[in-house]
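K.L.:
Below: one structure in structure tokens.
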Amino acid sequence: MPKKKMPVAELKKYYEDMLLIRRFEEKAGQLYGMGLIGGFCHLYIGQEAVVVGLEASAVKGDKRITSYRDHGHMLACGMNAKGVMAELTGRNDGYSKGKGGSMHMFSKEKNFFGGHGIVGAQVPIGAGLAFSDKYKGSKSVTFTYFGDGAANQGQVYETYNMAMLWKLPVIFVIENNQYAMGTSVDRSTKSPSLWERGLAYGIKGEEVDGMDVLKVKDAGDRATAHCRKGNGPYILEIKTYRYRGHSMSDPARYRTREEVQKVRSERDPIENLRDILLAGKYLSEQEIKKIDVEIKHIVNDAAEFAKASPEPSVNELFTDIYLEI
Amino acid sequence: MPTEILMPALSPTMEEGTIAKWLVKKGDSVFPGDVLAEIETDKATIEFESIDEGVVSEILFSEGSEGIKINEVIAILHTSDEQKISKSTKNKVEPVIESKPLIPKRKSEDVVEIKAHTHESETKTITVREALRDAMAEEMRANPNIFLMGEEVAEYQGAYKISQGLLEEFSNKRVIDTPITEHGFAGIGIGAAFGGLNPIVEFMTFNFAMQAIDQIVNSAAKTLYMSGGQMGCSIVFRGPNGAASRVGAQHSQDYSAWYSSIPGLKVISPFSSDDAKGLLKSSIRDPNPVIFLENEILYGESFEVPIDDSFTVPIGKARIRRSGNDVTIVSFGIGLKFALEAAELLSESGIDSEVVDLRTLRPMDTDTIIQSVMKTNRCVTVEEGFPVCSIGNYISSVIMQEAFDYLDAPVINCTGKDVPMPYAANLEKLALLTTAEVITAVENVMYR
């Protein structure tokens, strides 16, 4: 429960944005089950508070980049649900004209730089985006998201070193959902406090409760303020949890159903915010129900759009390989 | 209203599944996220969750039922939800893409006269090293978004002195020493390019770029395509490539063929100062990622370069180094040294060679090669790299497909030997390409 009274519009937006991601991902899972989405599809269910909280700290001009578990990031930064879903179904109206798929979407307009399929590869790229802002004298920051699995990749530490050396305005967001595919942090990581590794490079950071959108927002405000002042990078290790498998074909033998159920029933970020909205009399039951229905409409429209959109023209096979001079 | 629960596709390769276990029974209430059943796929047993709220009204397959096709109804849920989604419409499959037309065979009327290249404007003699430095300096003066980063490029003035004087002129904002961390700084360069800058990333040698090849191939080359044309990456990766002298196996590899196989990259390998300068300027201006392969042995060689600062060389155009009628020798980079020497010596024994300098490996100017072969009817390729899957192998296949009827002899590929580069002076000499080998190859295709 927030200590002071917060603007209702702000809380309402967090609720709407998180619910949109949840319902969108459930729908994506369903379309995958129907064979309309192929290949790899990594759902963000359970982690919604992370991107929604941090996007609340972002201002115009800020950039974001993430891994292949990217649907939530795109929706949270304002990319259109129809365009994202149509990319998932590999159709012409998708953000990448169907040529990228679930793991590879981009939006220049929204400063969303992907959508990267090689674990950890987005980390130096994110620092490079921050480099471009510093070079141009801009005050923008880059949110560079990666998981607890990527936190063991060497290029992350190569990047920490250069980011601090050159004081780049980059926020390293470790979305620690506790499992790198099927390997728990305990089994993969000698020093389980991931953010503390940045201290060796002089990078400040903190651990954040990623199931509480308000706490994520507060941490985001601290991180962005630090970066915008020219102090260099900041690390947020956000403790979160993914309810679904690593990808769609995850047999989930590495954790018990009870463990998942316990997080869902006790720490769910959307349920928790709903409780706050009701208990604090920010919104009524009817108003919340109305939001639920509106979100469901958006998601169903996106799904129908994604099913109706045509496959890309066969002529697209040989386009977008080189830019013309 | 009833909602059909369908056998889900739970892996990219699954076609049918087995219901290993039902976790709900008729009459149970379910909520989104509740596990309905355990489904055995071709890969694993996976929990299948409900996305709707409702009451299970029918279960159509018992536990242990095998071979249920994807999208077959396995249960019915009674929902009160007015938002129920419409039944799946089968994904319409468009006809498969028409295959690219076969490469047309060339006819004799396609032969055009190709003239050896010469500069018409005023020139001066400079080394390849100076030419590369001048190209960067001129472009950096013209565009403030261009910067150079790499190991020892600033204070040290370049490990091979290519960036001599640049720190002084452009400051440490634009000439940036990096730590020894190729993977990391290649990625940062790519990110800076996505952010709208035009980085030149120097690798001390391309041997070390192996540490960064994931970023070059997966991030720089593919993002334009993966983003449906939104996100270009204007970046130059440059540095010496191939063998130097007595530096052993890990410092002596030619990566021409590796990078040339990647759609999304452009690959340049110049021989002389004028091409080094003109092509590096074009590469820096190019909106795509360019791999610019230099050669340590050539850095100190001198050639004529036009004085005019606006001089550039277009990417993708080969250059006729020497006109001839008897045989075509195709090469690039350091290979030209052997090709030109061989041509000179062969002329003494009456063999008139045409020497084609590719300059750009991707996109390759195969038209010029074909035109030349249609005239000479014989071809030898010359490169320093390994023989398997080499640039010469590719050229041979293009000639075979496009000008088979014009060939009077099989194409011969002269390459480095199929061994890691040895250190011992005598063995290294044997592993490297030689002018004598090129001469022998030409004599063979001439049946002499």
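Lettering and numbering for the structure tokens are positional, with chains as A, B, ... in the shown order, residues counted from 1 in each chain, and ligands counted from 1 in the shown order.
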May I have the residues within 12 Å of Pro289 (chain B) as a PyMOL selection string, using only C-alpha atoms and disregarding those fewer than 5 positions away in the same chain?

P.N.:
(chain A and resi 321-323) or (chain B and resi 186+189-190+193-194+198-201+215-224+231-238+259+262-268+282-284+362)

K.L.:
Pull C-alpha atoms from the residues just selected and write them as a short mmCIF file (atom, residue, chain, number, x, y, z; two decimals), in the first residue's frame.

P.N.:
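Output file selection_13.cif is given in full below:
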data_model
loop_
_atom_site.label_atom_id
_atom_site.label_comp_id
_atom_site.auth_asym_id
_atom_site.auth_seq_id
_atom_site.Cartn_x
_atom_site.Cartn_y
_atom_site.Cartn_z
CA ILE A 321 19.07 -6.93 -46.64
CA TYR A 322 20.89 -3.71 -47.56
CA LEU A 323 19.93 -0.06 -47.34
CA ALA B 186 32.08 -4.36 -31.28
CA GLY B 189 29.94 0.23 -31.77
CA ILE B 190 26.87 -1.49 -33.21
CA ALA B 193 25.31 2.91 -35.03
CA PHE B 194 21.72 2.02 -34.10
CA ASN B 198 28.81 6.24 -37.87
CA PRO B 199 31.45 4.25 -36.02
CA ILE B 200 34.70 2.97 -37.47
CA VAL B 201 35.74 0.03 -35.33
CA GLN B 215 27.96 -9.23 -32.76
CA ILE B 216 29.09 -8.64 -36.36
CA VAL B 217 26.98 -11.39 -37.86
CA ASN B 218 23.97 -11.61 -35.57
CA SER B 219 23.58 -7.97 -34.57
CA ALA B 220 25.13 -5.80 -37.31
CA ALA B 221 24.32 -7.85 -40.41
CA LYS B 222 20.85 -9.18 -39.61
CA THR B 223 19.03 -6.39 -37.79
CA LEU B 224 17.90 -4.50 -40.89
CA MET B 231 17.00 -0.41 -38.18
CA GLY B 232 20.08 0.06 -40.33
CA CYS B 233 23.62 -0.25 -39.00
CA SER B 234 26.10 2.13 -40.62
CA ILE B 235 29.42 0.87 -39.31
CA VAL B 236 32.86 -0.06 -40.64
CA PHE B 237 34.89 -2.84 -39.08
CA ARG B 238 38.44 -2.52 -40.35
CA TYR B 259 32.40 -12.66 -43.93
CA ILE B 262 26.87 -13.38 -44.76
CA PRO B 263 23.90 -11.54 -46.29
CA GLY B 264 23.71 -8.06 -44.81
CA LEU B 265 27.48 -7.45 -44.79
CA LYS B 266 29.55 -5.76 -47.46
CA VAL B 267 33.13 -6.99 -47.68
CA ILE B 268 36.05 -5.03 -49.11
CA SER B 282 32.75 4.79 -49.67
CA SER B 283 32.53 2.27 -46.82
CA ILE B 284 32.30 4.99 -44.17
CA ARG B 362 30.49 -8.86 -51.38
#

K.L.:
Tell me which protein, DNA and RNA residues are within 12 Å of Ile395 (chain B), counting only C-alpha atoms, leaving out same-chain ones fewer than 3 positions away, and put them as a JSON list (two decimals) with N, CA and C atoms, in the first residue's frame.

P.N.:
[["chain", "number", "residue", "atom", "x", "y", "z"],
["B", 257, "ALA", "N", 36.49, -15.30, -46.91],
["B", 257, "ALA", "CA", 35.36, -16.16, -47.26],
["B", 257, "ALA", "C", 34.33, -16.19, -46.13],
["B", 328, "THR", "N", 42.39, -15.43, -67.64],
["B", 328, "THR", "CA", 41.94, -14.47, -66.63],
["B", 328, "THR", "C", 42.47, -14.90, -65.26],
["B", 329, "ILE", "N", 43.16, -13.99, -64.59],
["B", 329, "ILE", "CA", 43.58, -14.27, -63.22],
["B", 329, "ILE", "C", 42.76, -13.35, -62.31],
["B", 330, "VAL", "N", 41.94, -13.96, -61.44],
["B", 330, "VAL", "CA", 41.09, -13.17, -60.54],
["B", 330, "VAL", "C", 41.69, -13.21, -59.15],
["B", 331, "SER", "N", 41.84, -12.04, -58.54],
["B", 331, "SER", "CA", 42.39, -12.01, -57.19],
["B", 331, "SER", "C", 41.88, -10.79, -56.44],
["B", 358, "LEU", "N", 39.23, -7.93, -57.69],
["B", 358, "LEU", "CA", 37.82, -7.84, -57.25],
["B", 358, "LEU", "C", 37.56, -6.59, -56.40],
["B", 361, "LEU", "N", 34.45, -8.00, -52.23],
["B", 361, "LEU", "CA", 34.12, -9.43, -52.28],
["B", 361, "LEU", "C", 32.62, -9.67, -52.17],
["B", 362, "ARG", "N", 31.94, -8.76, -51.47],
["B", 362, "ARG", "CA", 30.49, -8.86, -51.38],
["B", 362, "ARG", "C", 29.90, -7.46, -51.37],
["B", 364, "MET", "N", 29.83, -9.16, -55.02],
["B", 364, "MET", "CA", 30.94, -9.42, -55.93],
["B", 364, "MET", "C", 30.56, -9.06, -57.36],
["B", 365, "ASP", "N", 31.48, -8.44, -58.06],
["B", 365, "ASP", "CA", 31.26, -8.03, -59.46],
["B", 365, "ASP", "C", 31.54, -9.23, -60.37],
["B", 366, "THR", "N", 30.65, -10.20, -60.32],
["B", 366, "THR", "CA", 30.87, -11.40, -61.13],
["B", 366, "THR", "C", 30.72, -11.12, -62.62],
["B", 367, "ASP", "N", 30.00, -10.05, -62.96],
["B", 367, "ASP", "CA", 29.85, -9.70, -64.37],
["B", 367, "ASP", "C", 31.21, -9.48, -65.03],
["B", 368, "THR", "N", 32.07, -8.75, -64.33],
["B", 368, "THR", "CA", 33.39, -8.47, -64.89],
["B", 368, "THR", "C", 34.19, -9.75, -65.06],
["B", 369, "ILE", "N", 34.08, -10.66, -64.10],
["B", 369, "ILE", "CA", 34.80, -11.95, -64.21],
["B", 369, "ILE", "C", 34.29, -12.71, -65.44],
["B", 370, "ILE", "N", 32.98, -12.77, -65.56],
["B", 370, "ILE", "CA", 32.38, -13.54, -66.66],
["B", 370, "ILE", "C", 32.77, -12.93, -68.01],
["B", 373, "VAL", "N", 36.28, -13.94, -68.74],
["B", 373, "VAL", "CA", 36.42, -15.37, -69.06],
["B", 373, "VAL", "C", 35.84, -15.68, -70.45],
["B", 379, "CYS", "N", 40.58, -19.55, -66.61],
["B", 379, "CYS", "CA", 40.60, -18.73, -65.38],
["B", 379, "CYS", "C", 41.37, -19.40, -64.25],
["B", 380, "VAL", "N", 42.14, -18.59, -63.56],
["B", 380, "VAL", "CA", 42.83, -19.01, -62.33],
["B", 380, "VAL", "C", 42.45, -17.99, -61.25],
["B", 381, "THR", "N", 42.07, -18.48, -60.06],
["B", 381, "THR", "CA", 41.79, -17.56, -58.95],
["B", 381, "THR", "C", 42.95, -17.62, -57.97],
["B", 382, "VAL", "N", 43.21, -16.50, -57.32],
["B", 382, "VAL", "CA", 44.37, -16.40, -56.44],
["B", 382, "VAL", "C", 43.96, -15.75, -55.13],
["B", 383, "GLU", "N", 44.14, -16.46, -54.02],
["B", 383, "GLU", "CA", 43.85, -15.87, -52.70],
["B", 383, "GLU", "C", 44.70, -16.54, -51.65],
["B", 389, "CYS", "N", 35.87, -24.13, -49.24],
["B", 389, "CYS", "CA", 34.84, -23.09, -49.21],
["B", 389, "CYS", "C", 35.48, -21.70, -49.35],
["B", 390, "SER", "N", 36.36, -21.58, -50.30],
["B", 390, "SER", "CA", 37.09, -20.33, -50.51],
["B", 390, "SER", "C", 36.34, -19.41, -51.46],
["B", 391, "ILE", "N", 36.84, -18.18, -51.59],
["B", 391, "ILE", "CA", 36.29, -17.23, -52.56],
["B", 391, "ILE", "C", 36.44, -17.83, -53.97],
["B", 392, "GLY", "N", 37.59, -18.46, -54.22],
["B", 392, "GLY", "CA", 37.82, -19.08, -55.53],
["B", 392, "GLY", "C", 36.81, -20.17, -55.84],
["B", 398, "VAL", "N", 30.30, -19.90, -60.13],
["B", 398, "VAL", "CA", 29.60, -18.89, -60.94],
["B", 398, "VAL", "C", 30.01, -19.04, -62.41],
["B", 399, "ILE", "N", 31.30, -19.21, -62.66],
["B", 399, "ILE", "CA", 31.77, -19.36, -64.04],
["B", 399, "ILE", "C", 31.14, -20.60, -64.67],
["B", 400, "MET", "N", 31.08, -21.68, -63.88],
["B", 400, "MET", "CA", 30.53, -22.93, -64.41],
["B", 400, "MET", "C", 29.06, -22.75, -64.79],
["B", 401, "GLN", "N", 28.33, -22.03, -63.94],
["B", 401, "GLN", "CA", 26.90, -21.86, -64.21],
["B", 401, "GLN", "C", 26.61, -20.86, -65.33],
["B", 402, "GLU", "N", 27.44, -19.83, -65.42],
["B", 402, "GLU", "CA", 27.12, -18.77, -66.36],
["B", 402, "GLU", "C", 27.89, -18.83, -67.67],
["B", 403, "ALA", "N", 29.05, -19.47, -67.66],
["B", 403, "ALA", "CA", 29.89, -19.42, -68.86],
["B", 403, "ALA", "C", 30.58, -20.75, -69.13],
["B", 411, "VAL", "N", 38.66, -24.40, -64.13],
["B", 411, "VAL", "CA", 39.20, -23.28, -63.35],
["B", 411, "VAL", "C", 40.09, -23.85, -62.25],
["B", 412, "ILE", "N", 41.22, -23.20, -62.02],
["B", 412, "ILE", "CA", 42.09, -23.64, -60.91],
["B", 412, "ILE", "C", 42.10, -22.57, -59.83],
["B", 413, "ASN", "N", 41.91, -23.01, -58.57],
["B", 413, "ASN", "CA", 41.96, -22.09, -57.42],
["B", 413, "ASN", "C", 43.33, -22.20, -56.74]]

K.L.:
Could you tell me which residues of chain B sit within 6 Å of chain A when counting only C-alpha atoms, and give me the result as a list in words?

P.N.:
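That gives Pro8, Ala9, Leu10, Ser11, Pro12, Ala44, Thr45, Ile46, Asn71, Ile97, Gly184, Gly187, Ile188, Gly189, Gly191, Ala192, Gly195, Leu224, Tyr225, Met226, Ser227, Gly228, Gly229 and Gly264 of chain B for chain B.
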
K.L.:
Hey, can you spit out that residue selection with C-alpha atoms as a PDB file, in the first residue's frame?

P.N.:
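Output file result.pdb is given in full below:
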ATOM      1  CA  PRO B   8      -2.415 -27.373 -28.257  1.00  0.00           C
ATOM      2  CA  ALA B   9       0.815 -27.198 -30.203  1.00  0.00           C
ATOM      3  CA  LEU B  10       3.419 -27.173 -27.443  1.00  0.00           C
ATOM      4  CA  SER B  11       6.586 -27.263 -29.453  1.00  0.00           C
ATOM      5  CA  PRO B  12       7.650 -26.035 -32.875  1.00  0.00           C
ATOM      6  CA  ALA B  44       8.496 -33.651 -23.272  1.00  0.00           C
ATOM      7  CA  THR B  45       5.473 -33.738 -21.009  1.00  0.00           C
ATOM      8  CA  ILE B  46       4.073 -30.252 -20.577  1.00  0.00           C
ATOM      9  CA  ASN B  71      -6.446 -28.417 -32.811  1.00  0.00           C
ATOM     10  CA  ILE B  97       7.683 -18.803 -53.320  1.00  0.00           C
ATOM     11  CA  GLY B 184      32.200  -5.793 -25.950  1.00  0.00           C
ATOM     12  CA  GLY B 187      28.672  -4.481 -29.562  1.00  0.00           C
ATOM     13  CA  ILE B 188      29.004  -0.930 -28.279  1.00  0.00           C
ATOM     14  CA  GLY B 189      29.936   0.233 -31.774  1.00  0.00           C
ATOM     15  CA  GLY B 191      24.652   0.093 -30.554  1.00  0.00           C
ATOM     16  CA  ALA B 192      26.140   3.501 -31.356  1.00  0.00           C
ATOM     17  CA  GLY B 195      21.746   5.281 -32.143  1.00  0.00           C
ATOM     18  CA  LEU B 224      17.896  -4.497 -40.888  1.00  0.00           C
ATOM     19  CA  TYR B 225      16.160  -7.623 -42.148  1.00  0.00           C
ATOM     20  CA  MET B 226      14.800  -8.658 -38.759  1.00  0.00           C
ATOM     21  CA  SER B 227      13.336  -5.190 -38.268  1.00  0.00           C
ATOM     22  CA  GLY B 228      11.565  -5.156 -41.606  1.00  0.00           C
ATOM     23  CA  GLY B 229      13.877  -2.410 -42.859  1.00  0.00           C
ATOM     24  CA  GLY B 264      23.711  -8.063 -44.805  1.00  0.00           C
TER      25      GLY B 264
END

K.L.:
Find the distance between CA of Asp309 (chain B) and CA of Glu296 (chain B) and write it in Å to one decimal.

P.N.:
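Separating CA of Asp309 (chain B) from CA of Glu296 (chain B) is a distance of 24.7 Å.
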
K.L.:
Report as a PyMOL selection string: the residues of region 136-170 of chain A with a DSSP assignment of strand (DSSP E or B), based on the backbone of this structure.

P.N.:
chain A and resi 142-147+170

K.L.:
Write the residues you've just listed into a file as a PDB file, in the first residue's frame, and include C-alpha atoms for each of them.

P.N.:
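Done, and the output landed in result-v8.pdb:
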ATOM      1  CA  THR A 142      18.964   3.574 -22.217  1.00  0.00           C
ATOM      2  CA  PHE A 143      17.190   0.794 -20.327  1.00  0.00           C
ATOM      3  CA  THR A 144      19.148  -2.366 -21.098  1.00  0.00           C
ATOM      4  CA  TYR A 145      17.229  -5.412 -19.934  1.00  0.00           C
ATOM      5  CA  PHE A 146      18.700  -8.884 -19.501  1.00  0.00           C
ATOM      6  CA  GLY A 147      18.009 -11.938 -17.403  1.00  0.00           C
ATOM      7  CA  VAL A 170      22.780   3.170 -19.270  1.00  0.00           C
TER       8      VAL A 170
END

K.L.:
Set the distance at 9 Å and use only C-alpha atoms: which residues neighbour Asp405 (chain B) once local chain neighbours fewer than 3 positions away are removed? I'd like the list as a ChimeraX atom specification.

P.N.:
/B:105-106,374,377,400,402,408

K.L.:
Skip Gly78 (chain A) itself and residues of its chain fewer than 5 positions away, then list as a VMD selection string all residues within 10 Å of it, counting only C-alpha atoms.

P.N.:
chain A and resid 17 55 73 107 109 to 110 112

K.L.:
Tell me which protein, DNA and RNA residues are within 10 Å of Val73 (chain B), counting only C-alpha atoms, leaving out same-chain ones fewer than 2 positions away, and put them as a list in words.

P.N.:
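Contacts, with the query itself left out: Thr3, Glu4, Ile5, Leu6, Met7, Pro8, Ile59, Leu60, Phe61, Ile68, Lys69, Ile70, Asn71, Ala75 and Ile76 of chain B.
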
K.L.:
Using CA of Glu58 (chain B) and CA of Ile39 (chain B) as the two end points, give the distance in Å to one decimal.

P.N.:
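One can read the CA of Glu58 (chain B) to CA of Ile39 (chain B) distance as 17.5 Å.
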
K.L.:
Residues within 8 Å of Leu132 (chain B), please, as a list in words. Count only C-alpha atoms; anything in the same chain fewer than 4 positions from it doesn't count.

P.N.:
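In the requested form, the answer reads Val128, Met136, Ile162, Ser273, Ala276, Lys277 and Leu280 of chain B.
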
K.L.:
Identify, with DSSP run on backbone atoms, the residues in region 117-299 of chain A assigned to alpha helix (DSSP H), and express the list as a PyMOL selection string.

P.N.:
chain A and resi 122-136+154-165+185-188+213-228+257-267+269-279+285-299

K.L.:
So the first atom is CA of Leu432 (chain B) and the second is CA of Leu279 (chain B); what is the distance between them in Å, to one decimal place?

P.N.:
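According to the coordinates, CA of Leu432 (chain B) and CA of Leu279 (chain B) are separated by 26.6 Å.
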
K.L.:
Can you list, as number ranges by chain, every protein, DNA or RNA residue that comes within 7 Å of Gly210 (chain A) when you count only C-alpha atoms, leaving out same-chain residues fewer than 2 positions away?

P.N.:
A: 49-50, 208, 212-213, 216, 238-240

K.L.:
Between A:Asn177, A:Thr183, A:Ser191, A:Asn231, which is the closest to Val260 (chain A) once you count only C-alpha atoms?

P.N.:
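For Val260 (chain A), the nearest of the candidates is A:Asn177.
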
K.L.:
Using only C-alpha atoms, which residue out of B:Gln253, B:Ser323, B:Thr205, B:Ser65 lies closest to Phe292 (chain B)?

P.N.:
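Of the candidates, the smallest distance to Phe292 (chain B) is held by B:Thr205.
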